Amino acid sequence: MSDREKKATFADKDVLMIGYAGLAGAVQIAEKKQQELLSRYPLFFIEQAILQKVLLQEIPEAATAMMSGVYTMHDMRNGGVFGALYELAKRMGVGLTVDLKQIPVKQETIEICEFFDLNPYELLSGGSLLIVTANGDKLVEELLEANIFAAMIGKTTDSNDKVVLNEEEIRFLEPAKVDEIYK
C-alpha cells in the first residue's frame, strides 16, 4: 500500500487509549524509591501508587478490542504515550492530533513525576495500549462495560504532523529518546 493509499485509508480515525500514561514507570519508581518519596508523601500514598500495578494487564483489553474491529493496536512501553503515539502514526503512515487533557494519567503518577522532575507522558507505560478505530465512541463504551478503562484521545490525520494540543499550546511529537525512567 502506498503512502497516499495509507493516508486515505487511515486518516480521520479515532485514537483511543486503554490504561494510564506513565503508570508502569510510576509503580517501579514507587517500589524502588520509597524512602525518598517518604520525605514528601505519606506511606499510604506510596502504597496506593504501588497497588496500581494491578492496572497493568493488557491481555483482556486486547481481546475485547480485537472483537470490535480495530485498524491497529500499539502497546506502550519505553518512551511513554508520546513515543507510542509517534511510532503508531509513523507505522500507519498518517499524522495525528491528540488532546493532552484527554490522555488518562493517575494523580499518583503526576506526583511521583513532579518529585523526580520527570514527564509522565514520556515515562514507561507498559500495560497500556493505543487503538485506532473508525468508531471510537462505541469501542470506549464496550470497553467500559467490560470494566476496562478507555478514553478517546484524538484522531488520525492525512498530514505528516504528529500534534499534541494543550488548549492553545501545540507540541509536535518526535521519535522517543531515552525513557524518563532512566533519568
# chains A, B, ... in the order shown; residues from 1 in each chain; ligands from 1

call {"tool": "residues_around", "arguments": {"residues": "A:Lys162", "least_positions_apart": "4", "cutoff": "6 Å", "atoms": "only C-alpha atoms", "output": "CSV table (one decimal) with C-alpha atoms, in the first residue's frame"}}
result
chain,number,residue,atom,x,y,z
A,95,GLY,CA,-0.4,12.2,11.2
A,96,LEU,CA,-2.4,12.7,14.3
A,172,PHE,CA,4.9,18.4,17.7
A,173,LEU,CA,5.9,14.8,18.7

call {"tool": "residues_around", "arguments": {"residues": "A:Glu167", "least_positions_apart": "6", "cutoff": "9 Å", "atoms": "only C-alpha atoms", "output": "list in words"}}
result
Asp99, Leu100 and Lys101 of chain A

call {"tool": "residues_around", "arguments": {"residues": "A:Lys155", "least_positions_apart": "6", "cutoff": "12 Å", "atoms": "only C-alpha atoms", "output": "number ranges by chain"}}
result
A: 10-17, 85, 88-89, 94-99, 102, 130-136, 161-165

call {"tool": "write_last_selection", "arguments": {"atoms": "N, CA and C atoms", "output": "mmCIF file, in the first residue's frame"}}
result
data_model
loop_
_atom_site.group_PDB
_atom_site.id
_atom_site.type_symbol
_atom_site.label_atom_id
_atom_site.label_comp_id
_atom_site.auth_asym_id
_atom_site.auth_seq_id
_atom_site.Cartn_x
_atom_site.Cartn_y
_atom_site.Cartn_z
ATOM 1 N N PHE A 10 -6.429 5.410 6.446
ATOM 2 C CA PHE A 10 -6.313 5.517 7.902
ATOM 3 C C PHE A 10 -6.547 6.915 8.456
ATOM 4 N N ALA A 11 -6.758 7.920 7.613
ATOM 5 C CA ALA A 11 -6.995 9.275 8.116
ATOM 6 C C ALA A 11 -8.402 9.404 8.698
ATOM 7 N N ASP A 12 -8.544 10.316 9.625
ATOM 8 C CA ASP A 12 -9.825 10.633 10.274
ATOM 9 C C ASP A 12 -10.415 9.445 11.043
ATOM 10 N N LYS A 13 -9.535 8.695 11.680
ATOM 11 C CA LYS A 13 -9.955 7.590 12.553
ATOM 12 C C LYS A 13 -9.725 8.016 14.003
ATOM 13 N N ASP A 14 -10.443 7.384 14.914
ATOM 14 C CA ASP A 14 -10.334 7.707 16.332
ATOM 15 C C ASP A 14 -9.127 7.019 16.950
ATOM 16 N N VAL A 15 -8.436 7.755 17.821
ATOM 17 C CA VAL A 15 -7.310 7.201 18.578
ATOM 18 C C VAL A 15 -7.771 7.064 20.025
ATOM 19 N N LEU A 16 -7.747 5.833 20.514
ATOM 20 C CA LEU A 16 -8.153 5.534 21.882
ATOM 21 C C LEU A 16 -6.941 5.097 22.686
ATOM 22 N N MET A 17 -7.056 5.271 23.984
ATOM 23 C CA MET A 17 -6.019 4.791 24.888
ATOM 24 C C MET A 17 -6.674 3.943 25.960
ATOM 25 N N LEU A 85 2.621 7.210 20.502
ATOM 26 C CA LEU A 85 1.816 7.935 19.511
ATOM 27 C C LEU A 85 2.633 8.200 18.247
ATOM 28 N N LEU A 88 3.124 4.863 16.384
ATOM 29 C CA LEU A 88 1.860 4.434 15.789
ATOM 30 C C LEU A 88 1.574 5.201 14.499
ATOM 31 N N ALA A 89 1.685 6.518 14.558
ATOM 32 C CA ALA A 89 1.410 7.340 13.379
ATOM 33 C C ALA A 89 2.389 7.038 12.250
ATOM 34 N N VAL A 94 0.387 8.076 8.775
ATOM 35 C CA VAL A 94 -0.536 9.198 8.940
ATOM 36 C C VAL A 94 0.008 10.172 9.991
ATOM 37 N N GLY A 95 -0.651 11.310 10.086
ATOM 38 C CA GLY A 95 -0.403 12.215 11.188
ATOM 39 C C GLY A 95 -1.456 11.979 12.243
ATOM 40 N N LEU A 96 -1.402 12.761 13.300
ATOM 41 C CA LEU A 96 -2.439 12.670 14.314
ATOM 42 C C LEU A 96 -2.515 13.957 15.112
ATOM 43 N N THR A 97 -3.674 14.153 15.699
ATOM 44 C CA THR A 97 -3.902 15.269 16.607
ATOM 45 C C THR A 97 -4.501 14.683 17.874
ATOM 46 N N VAL A 98 -3.845 14.966 18.999
ATOM 47 C CA VAL A 98 -4.254 14.415 20.285
ATOM 48 C C VAL A 98 -4.464 15.557 21.267
ATOM 49 N N ASP A 99 -5.482 15.428 22.106
ATOM 50 C CA ASP A 99 -5.766 16.408 23.151
ATOM 51 C C ASP A 99 -5.110 15.928 24.440
ATOM 52 N N GLN A 102 -7.101 14.779 27.416
ATOM 53 C CA GLN A 102 -7.855 13.534 27.323
ATOM 54 C C GLN A 102 -7.001 12.295 27.617
ATOM 55 N N LEU A 130 -2.606 1.814 22.693
ATOM 56 C CA LEU A 130 -3.246 2.771 21.789
ATOM 57 C C LEU A 130 -4.003 1.956 20.753
ATOM 58 N N ILE A 131 -5.182 2.424 20.418
ATOM 59 C CA ILE A 131 -6.029 1.729 19.443
ATOM 60 C C ILE A 131 -6.535 2.738 18.429
ATOM 61 N N VAL A 132 -6.532 2.361 17.167
ATOM 62 C CA VAL A 132 -7.106 3.192 16.109
ATOM 63 C C VAL A 132 -8.313 2.440 15.556
ATOM 64 N N THR A 133 -9.440 3.132 15.524
ATOM 65 C CA THR A 133 -10.689 2.522 15.074
ATOM 66 C C THR A 133 -11.567 3.575 14.410
ATOM 67 N N ALA A 134 -12.540 3.137 13.651
ATOM 68 C CA ALA A 134 -13.454 4.065 12.985
ATOM 69 C C ALA A 134 -14.554 4.545 13.925
ATOM 70 N N ASN A 135 -14.895 3.746 14.924
ATOM 71 C CA ASN A 135 -15.996 4.100 15.811
ATOM 72 C C ASN A 135 -15.523 4.060 17.264
ATOM 73 N N GLY A 136 -14.760 5.070 17.646
ATOM 74 C CA GLY A 136 -14.163 5.118 18.973
ATOM 75 C C GLY A 136 -15.167 5.174 20.103
ATOM 76 N N ASP A 161 2.027 15.588 10.292
ATOM 77 C CA ASP A 161 2.202 16.192 11.613
ATOM 78 C C ASP A 161 1.643 15.297 12.706
ATOM 79 N N LYS A 162 2.418 15.160 13.759
ATOM 80 C CA LYS A 162 2.013 14.401 14.940
ATOM 81 C C LYS A 162 1.930 15.415 16.073
ATOM 82 N N VAL A 163 0.715 15.861 16.372
ATOM 83 C CA VAL A 163 0.492 17.031 17.214
ATOM 84 C C VAL A 163 -0.239 16.664 18.496
ATOM 85 N N VAL A 164 0.223 17.257 19.611
ATOM 86 C CA VAL A 164 -0.490 17.170 20.877
ATOM 87 C C VAL A 164 -0.907 18.586 21.243
ATOM 88 N N LEU A 165 -2.204 18.761 21.469
ATOM 89 C CA LEU A 165 -2.746 20.073 21.816
ATOM 90 C C LEU A 165 -3.005 20.136 23.319
#

call {"tool": "residues_around", "arguments": {"residues": "stretch 20-23 of chain A", "least_positions_apart": "5", "cutoff": "7 Å", "atoms": "only C-alpha atoms", "output": "PyMOL selection string"}}
result
chain A and resi 80-81+104-106+109+120-121+123-125+128

call {"tool": "write_last_selection", "arguments": {"atoms": "N, CA and C atoms", "output": "compact mmCIF listing (two decimals), in the first residue's frame"}}
result
# COMPACT_ATOMS: atom_id res chain seq x y z
N GLY A 80 6.93 6.10 26.67
CA GLY A 80 5.63 6.54 27.14
C GLY A 80 4.62 6.75 26.04
N VAL A 81 3.56 7.46 26.38
CA VAL A 81 2.47 7.68 25.43
C VAL A 81 2.93 8.55 24.26
N PRO A 104 -5.35 9.79 29.76
CA PRO A 104 -5.53 9.42 31.17
C PRO A 104 -4.19 9.26 31.88
N VAL A 105 -4.10 9.88 33.05
CA VAL A 105 -2.92 9.76 33.89
C VAL A 105 -3.38 9.81 35.34
N LYS A 106 -2.86 8.92 36.15
CA LYS A 106 -3.23 8.85 37.56
C LYS A 106 -2.53 9.96 38.34
N THR A 109 0.89 9.12 39.62
CA THR A 109 1.94 9.24 38.60
C THR A 109 2.39 10.68 38.47
N PRO A 120 5.44 12.58 32.80
CA PRO A 120 4.63 11.35 32.84
C PRO A 120 4.23 10.84 31.47
N TYR A 121 4.23 11.72 30.47
CA TYR A 121 3.83 11.33 29.12
C TYR A 121 4.98 10.71 28.33
N LEU A 123 7.10 8.58 30.12
CA LEU A 123 7.52 7.60 31.11
C LEU A 123 6.95 6.22 30.76
N LEU A 124 7.70 5.20 31.06
CA LEU A 124 7.33 3.81 30.84
C LEU A 124 5.84 3.60 31.07
N SER A 125 5.15 3.09 30.06
CA SER A 125 3.69 2.94 30.11
C SER A 125 3.24 1.54 29.71
N SER A 128 -0.42 -0.48 28.85
CA SER A 128 -1.38 0.42 28.21
C SER A 128 -1.32 0.23 26.70

call {"tool": "closest_residue", "arguments": {"among": "A:Asp75, A:Glu174, A:Glu180, A:Glu47", "to": "A:Gly127", "atoms": "only C-alpha atoms"}}
result
A:Asp75

call {"tool": "select_by_dssp", "arguments": {"residues": "chain A", "states": "helix (DSSP H, G or I)", "output": "number ranges by chain"}}
result
A: 3-10, 23-32, 34-37, 43-55, 59-67, 80-92, 100-102, 107-116, 120-122, 136-145, 180-182

call {"tool": "atom_distance", "arguments": {"atom1": "atom CA of A:Ile50", "atom2": "atom CA of A:Glu114"}}
result
16.7 Å

call {"tool": "residues_around", "arguments": {"residues": "stretch 33-35 of chain A", "least_positions_apart": "5", "cutoff": "9 Å", "atoms": "only C-alpha atoms", "output": "PyMOL selection string"}}
result
chain A and resi 28+43+46-47

call {"tool": "write_last_selection", "arguments": {"atoms": "N, CA and C atoms", "output": "PDB file, in the first residue's frame"}}
result
ATOM      1  N   GLN A  28       7.145   1.345  39.302  1.00  0.00           N
ATOM      2  CA  GLN A  28       8.540   0.957  39.519  1.00  0.00           C
ATOM      3  C   GLN A  28       9.267   1.955  40.411  1.00  0.00           C
ATOM      4  N   LEU A  43       3.000   7.346  53.758  1.00  0.00           N
ATOM      5  CA  LEU A  43       3.162   5.955  53.357  1.00  0.00           C
ATOM      6  C   LEU A  43       1.959   5.444  52.569  1.00  0.00           C
ATOM      7  N   ILE A  46       2.204   6.226  48.870  1.00  0.00           N
ATOM      8  CA  ILE A  46       3.186   5.402  48.165  1.00  0.00           C
ATOM      9  C   ILE A  46       2.644   3.984  47.979  1.00  0.00           C
ATOM     10  N   GLU A  47       2.018   3.451  49.018  1.00  0.00           N
ATOM     11  CA  GLU A  47       1.417   2.120  48.900  1.00  0.00           C
ATOM     12  C   GLU A  47       0.331   2.104  47.839  1.00  0.00           C
TER      13      GLU A  47
END

call {"tool": "atom_distance", "arguments": {"atom1": "atom CA of A:Gly19", "atom2": "atom CA of A:Leu56"}}
result
7.4 Å

call {"tool": "closest_residue", "arguments": {"among": "A:Ile110, A:Val54, A:Leu144, A:Ala176", "to": "A:Ala84", "atoms": "only C-alpha atoms"}}
result
A:Ala176

call {"tool": "closest_residue", "arguments": {"among": "A:Leu51, A:Phe44, A:Gly126, A:Asp179", "to": "A:Gly83", "atoms": "only C-alpha atoms"}}
result
A:Asp179

call {"tool": "select_by_dssp", "arguments": {"residues": "stretch 46-135 of chain A", "states": "strand (DSSP E or B)", "output": "list of chain:residue names"}}
result
A:Thr72, A:Met73, A:His74, A:Asp75, A:Met76, A:Gly95, A:Leu96, A:Thr97, A:Val98, A:Asp99, A:Ser128, A:Leu129, A:Leu130, A:Ile131, A:Val132, A:Thr133

call {"tool": "write_last_selection", "arguments": {"atoms": "N, CA, C and O atoms", "output": "short mmCIF file (atom, residue, chain, number, x, y, z; two decimals), in the first residue's frame"}}
result
data_model
loop_
_atom_site.label_atom_id
_atom_site.label_comp_id
_atom_site.auth_asym_id
_atom_site.auth_seq_id
_atom_site.Cartn_x
_atom_site.Cartn_y
_atom_site.Cartn_z
N THR A 72 -5.68 -0.92 14.14
CA THR A 72 -4.39 -1.33 14.69
C THR A 72 -4.35 -1.05 16.17
O THR A 72 -5.13 -0.24 16.69
N MET A 73 -3.44 -1.76 16.84
CA MET A 73 -3.18 -1.52 18.26
C MET A 73 -1.67 -1.37 18.43
O MET A 73 -0.90 -1.94 17.65
N HIS A 74 -1.28 -0.61 19.44
CA HIS A 74 0.14 -0.40 19.70
C HIS A 74 0.33 -0.37 21.20
O HIS A 74 -0.28 0.45 21.89
N ASP A 75 1.16 -1.27 21.72
CA ASP A 75 1.40 -1.25 23.15
C ASP A 75 2.39 -0.14 23.49
O ASP A 75 3.23 0.23 22.68
N MET A 76 2.24 0.38 24.68
CA MET A 76 3.10 1.49 25.11
C MET A 76 4.09 0.98 26.14
O MET A 76 3.70 0.54 27.20
N GLY A 95 -0.65 11.31 10.09
CA GLY A 95 -0.40 12.21 11.19
C GLY A 95 -1.46 11.98 12.24
O GLY A 95 -2.30 11.09 12.11
N LEU A 96 -1.40 12.76 13.30
CA LEU A 96 -2.44 12.67 14.31
C LEU A 96 -2.52 13.96 15.11
O LEU A 96 -1.58 14.73 15.15
N THR A 97 -3.67 14.15 15.70
CA THR A 97 -3.90 15.27 16.61
C THR A 97 -4.50 14.68 17.87
O THR A 97 -5.51 13.98 17.82
N VAL A 98 -3.85 14.97 19.00
CA VAL A 98 -4.25 14.41 20.29
C VAL A 98 -4.46 15.56 21.27
O VAL A 98 -3.70 16.53 21.27
N ASP A 99 -5.48 15.43 22.11
CA ASP A 99 -5.77 16.41 23.15
C ASP A 99 -5.11 15.93 24.44
O ASP A 99 -5.51 14.90 25.00
N SER A 128 -0.42 -0.48 28.85
CA SER A 128 -1.38 0.42 28.21
C SER A 128 -1.32 0.23 26.70
O SER A 128 -0.29 -0.19 26.17
N LEU A 129 -2.41 0.55 26.04
CA LEU A 129 -2.50 0.36 24.60
C LEU A 129 -3.06 1.60 23.91
O LEU A 129 -3.91 2.29 24.47
N LEU A 130 -2.61 1.81 22.69
CA LEU A 130 -3.25 2.77 21.79
C LEU A 130 -4.00 1.96 20.75
O LEU A 130 -3.51 0.93 20.29
N ILE A 131 -5.18 2.42 20.42
CA ILE A 131 -6.03 1.73 19.44
C ILE A 131 -6.53 2.74 18.43
O ILE A 131 -6.94 3.84 18.81
N VAL A 132 -6.53 2.36 17.17
CA VAL A 132 -7.11 3.19 16.11
C VAL A 132 -8.31 2.44 15.56
O VAL A 132 -8.21 1.27 15.16
N THR A 133 -9.44 3.13 15.52
CA THR A 133 -10.69 2.52 15.07
C THR A 133 -11.57 3.58 14.41
O THR A 133 -11.37 4.77 14.61
#

call {"tool": "atom_distance", "arguments": {"atom1": "atom CA of A:Met92", "atom2": "atom CA of A:Leu143"}}
result
23.3 Å

call {"tool": "closest_residue", "arguments": {"among": "A:Tyr41, A:Tyr71, A:Phe115, A:Phe149", "to": "A:Ile103", "atoms": "only C-alpha atoms"}}
result
A:Phe149
